[in-house]
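Undergrad: Before I ask anything, here is the structure I am working with.
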Amino acid sequence: MKWLFNRGLTLLALVGPALACAQNFNLQLRATLDYPGQTLANVWGYTQDGREYALVGASRGLSIVDITNPSAPVQIVQIPGPNNLWREIKTYRHYAYVTTEGGGGVQIVDLSKLPSPNLDYHAYTGTGEIEGQLGAIHALHVDETRGFLYTYGGNFSSVRVHDLNADPYNPTYVGKFDDLGYIHDGYVDNDTLYACHIYAGLMSVVDMRNKAKPVLLGTVETPSRFAHNSWMLSDRKTVLTTDERVPSFLTAYDVSDPTNIRELDRYSTNDGFGSIGHNTHILNDYAITSWYTDGVTIVDAHKPDNLVLVGQYDTWPSGSGPTFDGCWGVYPFFPSGNMVATNIPSTGPGSGPGRLFVLTPTYQRACYLEGRILDGCSGQPLADAEVKILSPLITPTKNTRTDGTFKTGQPTPGIFTVKVSKPGYQTATVNLLFQPGQVTELTLTLNPTTAFDVQGLTVQKGSGAPIANQRLVLRGPVNTYTVQTDAAGRFDLSCISGGNYRVGAWGYRVANAVVEDDGPLTIELEPAYYDDFELDLGWTTAATATSGLWERGVPVATTFQNAFANPGADVNFDNGEECYVTGNAGGAAGNDDVDNGSVTLTSPPMRLAAYTDAVLKYHFWFYNRGGNTPPNDRFEVRVSNGAQTVLIRTDTASMSAWRPSGEIRLKNYLPLTDNMRVHFIAYDDNPGHLVEAAVDAFEVIPGTVSTASAADGIEWQIAPNPSSTFFWLRYHGLTAEATTAEVFDALGRRIEVHPLGAGSGELRLGHALPPGAYTLRLLTTDGRQTALRFVKTR
C-alpha cells in the first residue's frame, strides 16, 4: 500500500491523542516460582512424553521444573553443582549439558527418567589432549545438525569442540578455534560458528567442518563492540546479536557473504542506553530477548531490515536503567508455545530470591511503515525528520536517514495517525491503515516554516575585498548549506530557512548572519587561520586503523576502570561544542578507539609564502591505557609544504584533559609555502592498547610580513616590553583611515581592538591584561598585516 502526500495536500485530522505505552502486551504471566537463598542465571527447556520442563540455572545447581500446567510449576529435582552466579544449559537428545564459571567441566544429566527425580549425571572434563582440563566454562551451544557440543570461555578462554554422535553421555574432544582470543558465547549450526568475541567487540563467522583446522570466514564489529550472544533466522543468511553494555542493541546482520557482513537494522527497548540486552533466541523469525531491567521482548525479525517490537513483559518493574539486575534469560521453544524466563534476584537490586516466570505469548506480525520525507522547497531528501506512529500500545519514533528514508512499525492493526516533524518545518499528520505483516509506504513533503531566496556577497572584513571562489558553510537553526562563491564573491541560495546563521570559510573567522527576507545578504569575514570546528571547513581524514577514525562532533565521554578517557567536552573557551575526536561512540573507552593502525586528520592548505614565520597553536588530549603490556602508542603532529613533510611534535603521555600545545614556530622546520598543511596522527602500535585523541582551537598566526607584501612605510614599536603595568604603541606612516590594532592572548582569542588614525600617533594599552604572552597585530584596510609579541609580567 502506497501513500503519497505533497505540498498542496490538506492532511487528515488527528484521530485522538497518543496513548501511553502499555508496558506489558502480547505476553501473559501464568505463574512464578521463587528460589529462596538462590540467584538464577540462564534457562533452557526440555519436552518428553508430552510434558514440558524448565531447566533452570540456579546458583546451587540445575533445577528441573515441570511447567506442563503453566499456572502451577513444580520443581522435580535440583541437581547439585558448584555454587556460582553463572550457569548455562543446553540439550541434545535426552541429555542436558550444564556449565558454570564455578568449574567442574560439563555436567551431563540423563533426562530420560523424567518425571522421576532419580536422574543419572556425571562430570565431563575433557578427553584426548585436554583430558581432565575442562574446568570453568562460561557458555555452551550444541550444533544439533552435526551433533557437536561447543564450550566457550572459562579456563580455555576461546572455544573447545566435543563430539556427541557416538555417545552423547560421554563426549570426546575433537578441536578448537582460538584465532581471535576470548569467545563469550556463540551459535553453531551445520558446522558454521557465529562466535561472540565480547572483549574484541566482534562477531566472527567460522567454517568448523575441519575441527582441527577451522577457517575464519569474516568478522563484524557490533554497535557497542561488546558482542554477547548470537542466533540465526530461518533464512540461514541473517544473524542477530546482542551487546551487553550501552549503547545496547539487538542487531541484525546479513552474513550471506561472510567477507562483507552488512548491518541491516538495530533495535533497543530504550534508545540503547536505558537497558542492557543479554540473550536472544529466534523462533519463527521472532527474536525473543532478555533485557536485564526491561524483561522479555518479542521483536518481529522476519523483515530483518526493519525490527519491530510486538510483545513485552517487564519482569523487573521495580528497577530501570543500564544495570545488571533483572532478567537473565528466556526460553521460547516449548511445543505448547509457552516460554520461561529468569530473574537473577526477584525484587530490588541485589535483594530477594531468584524467580522463574512462566509466560504465554501471542505472536503477531508487525504492521510496517516505510517511506521517504522530502524538503518542500528543494524537493530533496530531508534528513533527521521525526516519524512517529501514534498507536495505542507503543509509540515508535524513527528519524529519517541522510537520504530521507525511514523504516518503522508497530504491533497493532488499524487506522492510526502518523506525525512527521522537524524543527523549522511545519508538522504534518496523516491517518494510515496498518495491517499485520504488510508494509504501508509513505512519501511526504514537509514545508519550511519560513523560507527565503538570498543573493549573497561575501567580503573580507575591513577591506571589503570579495572572497572569491571559496567554499562557504552556513549553519542555521534548521539546516546547514554549503555553497561556492564565484569570482566576485557572490552566491545564490533558494528557499533557505530564516533565522540566525553561523557562516565560515577556511582562512577566515566564523561570523554571524541573519536571514529574514528575500534579497541581498552581505557577509563580512575576518581573515584568520583559526578553526574551533563548529563548522565543517574542509578538513580531511585518512586511516590504516580499523576503528577510531577521526570525526567532527560533540565529544561523547568514555571511561576506563571507572575514570574518564574521553573527557566528554570540547575546550571551554571557543565557539560551539564540537572538536575533532578519534571515534565518538561513547561508553567504554574500547568502544571506538583507534585499533590496529593509525588515523590522520589533515588541515586544508594555508597560504603562508608571504610570511617570514608562522606560529602554530592548538589544544589536544591523548589517552593511552589498557592492554597487557605498558602502553607504547603515540600522538604525532606533522607539517607539510607541498614538497616535504616533517615531524614537529610527538606526545606519549596519557591524559584525559585538554592541554595546550604551546607555540610552534613553523619556520624552524621547513620553508613556508602557499600549500602548508598540518597533520594530526594517532597511532595504535602492536601490541594493542586503548588509544583516543582529540584536537580543538586550531590556529596558525602569521608572523612578520615579508618585504613583498609588508605594510610598506609603516614604522611602529611597543614599549616597554616586557612590562608589569601598561604598554605604549607608537606608530608612524599610516595612510589608511581604517587601520586597526588587535590584541590576541596565547590561546588566539582576540581580546582588544583599537582603531588607529592616519599618520602618526600613540596608544596606551594592556593595563587591564593579566600576566602572560600576547600578540599585537596591525591590520590595514587592504589586507596587509604585521605583528609583534609582548609580555605582561606580574
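The chains in the C-alpha cells are called A, B, ... from first to last as shown; in each chain the residues are counted from 1, and the ligands are counted from 1 in the order shown.
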So that I can check the surroundings of A:Cys196, please list as a PyMOL selection string every protein, DNA and RNA residue that reaches within 6 Å of it, counting only C-alpha atoms and ignoring chain neighbours fewer than 3 positions away.
TA: chain A and resi 183-186+203+227-229
Undergrad: Store the residues picked out above in a file with all heavy atoms, as a JSON list (two decimals), in the first residue's frame.
TA:
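Saved the output as selection-v2.json:
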[["chain", "number", "residue", "atom", "x", "y", "z"],
["A", 183, "ILE", "N", 36.20, -16.07, 23.53],
["A", 183, "ILE", "CA", 34.84, -16.18, 22.98],
["A", 183, "ILE", "C", 33.88, -16.34, 24.15],
["A", 183, "ILE", "O", 34.02, -17.24, 24.97],
["A", 183, "ILE", "CB", 34.73, -17.36, 22.01],
["A", 183, "ILE", "CG1", 35.66, -17.15, 20.81],
["A", 183, "ILE", "CG2", 33.29, -17.53, 21.55],
["A", 183, "ILE", "CD1", 35.67, -18.31, 19.83],
["A", 184, "HIS", "N", 32.90, -15.45, 24.21],
["A", 184, "HIS", "CA", 31.97, -15.42, 25.33],
["A", 184, "HIS", "C", 30.80, -16.37, 25.12],
["A", 184, "HIS", "O", 30.32, -16.99, 26.07],
["A", 184, "HIS", "CB", 31.45, -14.00, 25.49],
["A", 184, "HIS", "CG", 30.78, -13.72, 26.79],
["A", 184, "HIS", "ND1", 31.48, -13.60, 27.96],
["A", 184, "HIS", "CD2", 29.47, -13.54, 27.11],
["A", 184, "HIS", "CE1", 30.65, -13.33, 28.95],
["A", 184, "HIS", "NE2", 29.42, -13.30, 28.45],
["A", 185, "ASP", "N", 30.32, -16.46, 23.89],
["A", 185, "ASP", "CA", 29.16, -17.27, 23.56],
["A", 185, "ASP", "C", 29.13, -17.41, 22.05],
["A", 185, "ASP", "O", 29.96, -16.82, 21.35],
["A", 185, "ASP", "CB", 27.88, -16.59, 24.08],
["A", 185, "ASP", "CG", 26.73, -17.57, 24.28],
["A", 185, "ASP", "OD1", 26.80, -18.71, 23.76],
["A", 185, "ASP", "OD2", 25.74, -17.21, 24.96],
["A", 186, "GLY", "N", 28.18, -18.18, 21.54],
["A", 186, "GLY", "CA", 28.10, -18.34, 20.11],
["A", 186, "GLY", "C", 26.95, -19.22, 19.70],
["A", 186, "GLY", "O", 26.35, -19.93, 20.52],
["A", 203, "MET", "N", 31.74, -10.15, 16.16],
["A", 203, "MET", "CA", 31.18, -11.46, 15.87],
["A", 203, "MET", "C", 31.96, -12.01, 14.68],
["A", 203, "MET", "O", 32.16, -11.32, 13.68],
["A", 203, "MET", "CB", 29.70, -11.39, 15.51],
["A", 203, "MET", "CG", 29.12, -12.78, 15.18],
["A", 203, "MET", "SD", 27.43, -12.75, 14.53],
["A", 203, "MET", "CE", 27.69, -12.08, 12.88],
["A", 227, "ALA", "N", 30.01, -7.86, 21.83],
["A", 227, "ALA", "CA", 29.11, -8.90, 21.33],
["A", 227, "ALA", "C", 28.91, -9.99, 22.38],
["A", 227, "ALA", "O", 29.87, -10.62, 22.82],
["A", 227, "ALA", "CB", 29.68, -9.51, 20.06],
["A", 228, "HIS", "N", 27.66, -10.22, 22.76],
["A", 228, "HIS", "CA", 27.38, -11.16, 23.85],
["A", 228, "HIS", "C", 26.84, -12.49, 23.35],
["A", 228, "HIS", "O", 27.34, -13.55, 23.73],
["A", 228, "HIS", "CB", 26.39, -10.56, 24.85],
["A", 228, "HIS", "CG", 26.09, -11.48, 25.99],
["A", 228, "HIS", "ND1", 25.00, -12.35, 26.00],
["A", 228, "HIS", "CD2", 26.77, -11.72, 27.14],
["A", 228, "HIS", "CE1", 25.03, -13.06, 27.12],
["A", 228, "HIS", "NE2", 26.08, -12.70, 27.83],
["A", 229, "ASN", "N", 25.77, -12.49, 22.56],
["A", 229, "ASN", "CA", 25.28, -13.76, 22.03],
["A", 229, "ASN", "C", 24.73, -13.56, 20.62],
["A", 229, "ASN", "O", 24.56, -12.44, 20.15],
["A", 229, "ASN", "CB", 24.25, -14.40, 22.97],
["A", 229, "ASN", "CG", 22.81, -14.20, 22.53],
["A", 229, "ASN", "OD1", 22.37, -13.06, 22.35],
["A", 229, "ASN", "ND2", 22.07, -15.28, 22.39]]
Undergrad: Output as a Markdown table one row per residue of stretch 577-596 of chain A within 7 Å of stretch 553-573 of chain A: the closest atom pair and its distance in Å to one decimal place, counting only C-alpha atoms, sorted by chain and residue number ascending.
TA:
| residue | atom | partner | partner_atom | distance |
| --- | --- | --- | --- | --- |
| A:Glu577 | CA | A:Val554 | CA | 5.6 |
| A:Glu578 | CA | A:Val554 | CA | 4.4 |
| A:Cys579 | CA | A:Gly553 | CA | 5.8 |
| A:Tyr580 | CA | A:Gly553 | CA | 6.5 |
| A:Val581 | CA | A:Pro555 | CA | 6.7 |
| A:Asn584 | CA | A:Val556 | CA | 5.9 |
| A:Ala585 | CA | A:Val556 | CA | 6.8 |
| A:Gly586 | CA | A:Val556 | CA | 4.9 |
| A:Gly587 | CA | A:Thr558 | CA | 4.9 |
| A:Ala588 | CA | A:Thr559 | CA | 5.0 |
| A:Ala589 | CA | A:Thr558 | CA | 4.9 |
Undergrad: Would you mind exporting C-alpha atoms of the selected residues as a PDB file, in the first residue's frame?
TA:
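Everything below was put into out.pdb:
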ATOM      1  CA  GLU A 577      30.753  22.402  21.311  1.00  0.00           C
ATOM      2  CA  GLU A 578      32.474  20.487  18.523  1.00  0.00           C
ATOM      3  CA  CYS A 579      36.016  19.261  18.112  1.00  0.00           C
ATOM      4  CA  TYR A 580      37.734  16.553  16.099  1.00  0.00           C
ATOM      5  CA  VAL A 581      37.878  13.277  18.032  1.00  0.00           C
ATOM      6  CA  ASN A 584      32.860   9.011  19.179  1.00  0.00           C
ATOM      7  CA  ALA A 585      30.765   6.039  20.253  1.00  0.00           C
ATOM      8  CA  GLY A 586      30.814   6.871  23.966  1.00  0.00           C
ATOM      9  CA  GLY A 587      30.554   4.276  26.719  1.00  0.00           C
ATOM     10  CA  ALA A 588      33.650   2.237  27.419  1.00  0.00           C
ATOM     11  CA  ALA A 589      36.961   3.538  26.086  1.00  0.00           C
TER      12      ALA A 589
END
Undergrad: Please identify all polymer residues within 6 Å of stretch 655-661 of chain A, counting only C-alpha atoms, omitting same-chain residues fewer than 5 positions from it, and present them as a PyMOL selection string.
TA: chain A and resi 565+567+617-623
Undergrad: May I have the residues within 8 Å of A:Gly135 as a ChimeraX atom specification, using only C-alpha atoms and disregarding those fewer than 4 positions away in the same chain?
TA: /A:102-106,125,154-155
Undergrad: What gap, in Å, lies between atom CA of A:Thr652 and atom CA of A:His679?
TA: 16.6 Å
Undergrad: Output as a PyMOL selection string all residues of stretch 272-492 of chain A that backbone DSSP marks as strand (DSSP E or B).
TA: chain A and resi 277-283+286-291+295-300+308-313+327-331+339-343+354-361+367-375+381+386-390+397-399+405-410+414-421+425+428-434+439-446+448+452-460+466+471-475+480-484+490-492
Undergrad: Can you tell me which residues surround stretch 440-454 of chain A at a distance of at most 8 Å, considering only C-alpha atoms, apart from same-chain residues fewer than 2 positions away, and format the answer as a ChimeraX atom specification?
TA: /A:1-7,367-377,379,421,424-428,432-434,438,456,492-498,515-521
Undergrad: Give me the residues within 10 Å of A:Phe744 as a count of residues only, counting only C-alpha atoms and dropping any in the same chain fewer than 2 places off.
TA: 15
Undergrad: When distances are computed from only C-alpha atoms, which of A:Asp167, A:Gln23, A:His732, A:Leu549 shows the smallest separation from A:Asp294?
TA: A:Gln23
Undergrad: Could you give me the residues within stretch 539-776 of chain A that DSSP places in helix (DSSP H, G or I), as a list of chain:residue names?
TA: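 Put together, the selection reads A:Leu666, A:Lys667, A:Asn668, A:Thr707, A:Ala708, A:Ser709.
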Undergrad: Measuring between only C-alpha atoms, which one of A:Ile64, A:Val142, A:Ile394, A:Leu250 shows the shortest distance to A:Asn306?
TA: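 Once distances to A:Asn306 are computed over only C-alpha atoms, the minimum belongs to A:Leu250.
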Undergrad: I need the residue nearest A:Gly507 from this list: A:Asp285, A:Glu699, A:Asp574, A:Glu263. Use only C-alpha atoms for the distance.
TA: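 Smallest distance to A:Gly507 is found for A:Glu699.
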Undergrad: Residues within 9 Å of stretch 269-279 of chain A, please, as a PDB file with N, CA, C and O atoms, in the first residue's frame. Count only C-alpha atoms; anything in the same chain fewer than 5 positions from it doesn't count.
TA:
ATOM      1  N   ASN A  42      20.859 -18.535  33.467  1.00  0.00           N
ATOM      2  CA  ASN A  42      20.124 -18.802  32.238  1.00  0.00           C
ATOM      3  C   ASN A  42      19.137 -19.950  32.415  1.00  0.00           C
ATOM      4  O   ASN A  42      19.151 -20.664  33.426  1.00  0.00           O
ATOM      5  N   HIS A 228      27.655 -10.215  22.764  1.00  0.00           N
ATOM      6  CA  HIS A 228      27.379 -11.163  23.850  1.00  0.00           C
ATOM      7  C   HIS A 228      26.841 -12.492  23.353  1.00  0.00           C
ATOM      8  O   HIS A 228      27.341 -13.546  23.728  1.00  0.00           O
ATOM      9  N   ASN A 229      25.766 -12.492  22.563  1.00  0.00           N
ATOM     10  CA  ASN A 229      25.276 -13.764  22.030  1.00  0.00           C
ATOM     11  C   ASN A 229      24.734 -13.560  20.623  1.00  0.00           C
ATOM     12  O   ASN A 229      24.563 -12.441  20.153  1.00  0.00           O
ATOM     13  N   SER A 230      24.490 -14.670  19.936  1.00  0.00           N
ATOM     14  CA  SER A 230      24.042 -14.615  18.545  1.00  0.00           C
ATOM     15  C   SER A 230      23.053 -15.738  18.283  1.00  0.00           C
ATOM     16  O   SER A 230      23.059 -16.768  18.974  1.00  0.00           O
ATOM     17  N   THR A 241      22.521 -10.328  16.922  1.00  0.00           N
ATOM     18  CA  THR A 241      23.415 -10.320  18.076  1.00  0.00           C
ATOM     19  C   THR A 241      22.879  -9.373  19.140  1.00  0.00           C
ATOM     20  O   THR A 241      22.067  -8.489  18.868  1.00  0.00           O
ATOM     21  N   THR A 242      23.380  -9.555  20.362  1.00  0.00           N
ATOM     22  CA  THR A 242      23.143  -8.603  21.440  1.00  0.00           C
ATOM     23  C   THR A 242      24.485  -8.050  21.910  1.00  0.00           C
ATOM     24  O   THR A 242      25.515  -8.713  21.809  1.00  0.00           O
ATOM     25  N   ASP A 243      24.448  -6.804  22.421  1.00  0.00           N
ATOM     26  CA  ASP A 243      25.614  -6.174  23.039  1.00  0.00           C
ATOM     27  C   ASP A 243      25.321  -5.998  24.519  1.00  0.00           C
ATOM     28  O   ASP A 243      24.313  -5.382  24.874  1.00  0.00           O
ATOM     29  N   GLU A 244      26.231  -6.487  25.385  1.00  0.00           N
ATOM     30  CA  GLU A 244      25.965  -6.460  26.825  1.00  0.00           C
ATOM     31  C   GLU A 244      26.577  -5.231  27.496  1.00  0.00           C
ATOM     32  O   GLU A 244      27.148  -5.322  28.575  1.00  0.00           O
ATOM     33  N   ARG A 245      26.492  -4.099  26.867  1.00  0.00           N
ATOM     34  CA  ARG A 245      26.802  -2.824  27.504  1.00  0.00           C
ATOM     35  C   ARG A 245      26.186  -1.725  26.642  1.00  0.00           C
ATOM     36  O   ARG A 245      25.839  -1.942  25.477  1.00  0.00           O
ATOM     37  N   VAL A 246      26.026  -0.566  27.238  1.00  0.00           N
ATOM     38  CA  VAL A 246      25.435   0.528  26.482  1.00  0.00           C
ATOM     39  C   VAL A 246      26.460   1.126  25.526  1.00  0.00           C
ATOM     40  O   VAL A 246      27.652   1.151  25.846  1.00  0.00           O
ATOM     41  N   PRO A 247      26.022   1.620  24.362  1.00  0.00           N
ATOM     42  CA  PRO A 247      24.661   1.515  23.869  1.00  0.00           C
ATOM     43  C   PRO A 247      24.347   0.080  23.432  1.00  0.00           C
ATOM     44  O   PRO A 247      25.093  -0.502  22.636  1.00  0.00           O
ATOM     45  N   SER A 248      23.286  -0.484  23.994  1.00  0.00           N
ATOM     46  CA  SER A 248      22.973  -1.899  23.810  1.00  0.00           C
ATOM     47  C   SER A 248      21.872  -2.061  22.767  1.00  0.00           C
ATOM     48  O   SER A 248      20.815  -1.424  22.872  1.00  0.00           O
ATOM     49  N   PHE A 249      22.126  -2.921  21.791  1.00  0.00           N
ATOM     50  CA  PHE A 249      21.162  -3.137  20.725  1.00  0.00           C
ATOM     51  C   PHE A 249      21.039  -4.618  20.387  1.00  0.00           C
ATOM     52  O   PHE A 249      21.989  -5.390  20.549  1.00  0.00           O
ATOM     53  N   LEU A 250      19.859  -4.984  19.912  1.00  0.00           N
ATOM     54  CA  LEU A 250      19.634  -6.215  19.171  1.00  0.00           C
ATOM     55  C   LEU A 250      19.840  -5.848  17.709  1.00  0.00           C
ATOM     56  O   LEU A 250      19.118  -5.011  17.172  1.00  0.00           O
ATOM     57  N   ILE A 288      13.181 -13.396  20.515  1.00  0.00           N
ATOM     58  CA  ILE A 288      12.736 -13.339  21.904  1.00  0.00           C
ATOM     59  C   ILE A 288      13.971 -13.079  22.748  1.00  0.00           C
ATOM     60  O   ILE A 288      14.909 -13.888  22.762  1.00  0.00           O
ATOM     61  N   THR A 289      14.008 -11.950  23.438  1.00  0.00           N
ATOM     62  CA  THR A 289      15.241 -11.452  24.036  1.00  0.00           C
ATOM     63  C   THR A 289      15.020 -11.077  25.488  1.00  0.00           C
ATOM     64  O   THR A 289      13.987 -10.501  25.839  1.00  0.00           O
ATOM     65  N   SER A 290      16.009 -11.392  26.326  1.00  0.00           N
ATOM     66  CA  SER A 290      16.001 -10.935  27.712  1.00  0.00           C
ATOM     67  C   SER A 290      16.790  -9.635  27.810  1.00  0.00           C
ATOM     68  O   SER A 290      17.926  -9.548  27.353  1.00  0.00           O
ATOM     69  N   TRP A 291      16.160  -8.608  28.381  1.00  0.00           N
ATOM     70  CA  TRP A 291      16.780  -7.317  28.666  1.00  0.00           C
ATOM     71  C   TRP A 291      16.775  -7.167  30.176  1.00  0.00           C
ATOM     72  O   TRP A 291      15.714  -7.252  30.809  1.00  0.00           O
ATOM     73  N   TYR A 292      17.934  -6.954  30.772  1.00  0.00           N
ATOM     74  CA  TYR A 292      18.042  -7.011  32.221  1.00  0.00           C
ATOM     75  C   TYR A 292      16.901  -6.277  32.922  1.00  0.00           C
ATOM     76  O   TYR A 292      16.104  -6.894  33.638  1.00  0.00           O
ATOM     77  N   THR A 293      16.814  -4.960  32.786  1.00  0.00           N
ATOM     78  CA  THR A 293      15.833  -4.209  33.567  1.00  0.00           C
ATOM     79  C   THR A 293      14.530  -3.970  32.819  1.00  0.00           C
ATOM     80  O   THR A 293      13.629  -3.317  33.359  1.00  0.00           O
ATOM     81  N   ASP A 294      14.406  -4.477  31.584  1.00  0.00           N
ATOM     82  CA  ASP A 294      13.161  -4.331  30.836  1.00  0.00           C
ATOM     83  C   ASP A 294      12.441  -5.649  30.611  1.00  0.00           C
ATOM     84  O   ASP A 294      11.381  -5.670  29.983  1.00  0.00           O
ATOM     85  N   THR A 297      11.281  -9.274  25.643  1.00  0.00           N
ATOM     86  CA  THR A 297      10.672  -8.642  24.473  1.00  0.00           C
ATOM     87  C   THR A 297      10.539  -9.645  23.342  1.00  0.00           C
ATOM     88  O   THR A 297      11.324 -10.584  23.227  1.00  0.00           O
ATOM     89  N   LEU A 309       9.103  -4.099  17.636  1.00  0.00           N
ATOM     90  CA  LEU A 309       8.627  -4.697  18.881  1.00  0.00           C
ATOM     91  C   LEU A 309       7.161  -5.075  18.734  1.00  0.00           C
ATOM     92  O   LEU A 309       6.323  -4.244  18.376  1.00  0.00           O
ATOM     93  N   SER A 320      15.118   0.048  36.839  1.00  0.00           N
ATOM     94  CA  SER A 320      15.305   0.536  35.482  1.00  0.00           C
ATOM     95  C   SER A 320      16.757   0.947  35.317  1.00  0.00           C
ATOM     96  O   SER A 320      17.528   0.975  36.276  1.00  0.00           O
ATOM     97  N   GLY A 321      17.117   1.274  34.075  1.00  0.00           N
ATOM     98  CA  GLY A 321      18.467   1.752  33.815  1.00  0.00           C
ATOM     99  C   GLY A 321      19.386   0.654  33.338  1.00  0.00           C
ATOM    100  O   GLY A 321      19.058  -0.536  33.376  1.00  0.00           O
ATOM    101  N   PRO A 322      20.600   1.038  32.906  1.00  0.00           N
ATOM    102  CA  PRO A 322      21.556   0.075  32.330  1.00  0.00           C
ATOM    103  C   PRO A 322      22.356  -0.659  33.406  1.00  0.00           C
ATOM    104  O   PRO A 322      23.567  -0.540  33.503  1.00  0.00           O
ATOM    105  N   THR A 323      21.657  -1.449  34.230  1.00  0.00           N
ATOM    106  CA  THR A 323      22.312  -2.238  35.271  1.00  0.00           C
ATOM    107  C   THR A 323      22.158  -3.721  34.951  1.00  0.00           C
ATOM    108  O   THR A 323      21.431  -4.108  34.035  1.00  0.00           O
ATOM    109  N   PHE A 324      22.810  -4.551  35.742  1.00  0.00           N
ATOM    110  CA  PHE A 324      22.782  -5.995  35.501  1.00  0.00           C
ATOM    111  C   PHE A 324      21.851  -6.686  36.501  1.00  0.00           C
ATOM    112  O   PHE A 324      22.116  -7.798  36.953  1.00  0.00           O
ATOM    113  N   CYS A 327      16.232  -9.563  34.358  1.00  0.00           N
ATOM    114  CA  CYS A 327      16.034 -10.773  33.561  1.00  0.00           C
ATOM    115  C   CYS A 327      17.339 -11.253  32.928  1.00  0.00           C
ATOM    116  O   CYS A 327      17.968 -10.530  32.148  1.00  0.00           O
ATOM    117  N   TRP A 328      17.718 -12.487  33.250  1.00  0.00           N
ATOM    118  CA  TRP A 328      18.939 -13.083  32.689  1.00  0.00           C
ATOM    119  C   TRP A 328      18.658 -13.757  31.353  1.00  0.00           C
ATOM    120  O   TRP A 328      19.350 -13.521  30.364  1.00  0.00           O
ATOM    121  N   GLY A 329      17.670 -14.647  31.334  1.00  0.00           N
ATOM    122  CA  GLY A 329      17.462 -15.437  30.122  1.00  0.00           C
ATOM    123  C   GLY A 329      16.003 -15.767  29.895  1.00  0.00           C
ATOM    124  O   GLY A 329      15.149 -15.614  30.778  1.00  0.00           O
ATOM    125  N   VAL A 330      15.711 -16.238  28.672  1.00  0.00           N
ATOM    126  CA  VAL A 330      14.362 -16.638  28.297  1.00  0.00           C
ATOM    127  C   VAL A 330      14.472 -17.813  27.330  1.00  0.00           C
ATOM    128  O   VAL A 330      15.395 -17.877  26.507  1.00  0.00           O
TER     129      VAL A 330
END
Undergrad: Find the residue from A:Lys176, A:Lys667, A:Arg502, A:Arg677 that sits nearest to A:Thr645; use only C-alpha atoms when measuring.
TA: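 The shortest atom-to-atom distance to A:Thr645 comes from A:Arg677.
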Undergrad: Which of these residues is nearest to A:Gln312, using only C-alpha atoms: A:Thr650, A:Thr259, A:Gln28, A:Ser547?
TA: A:Gln28
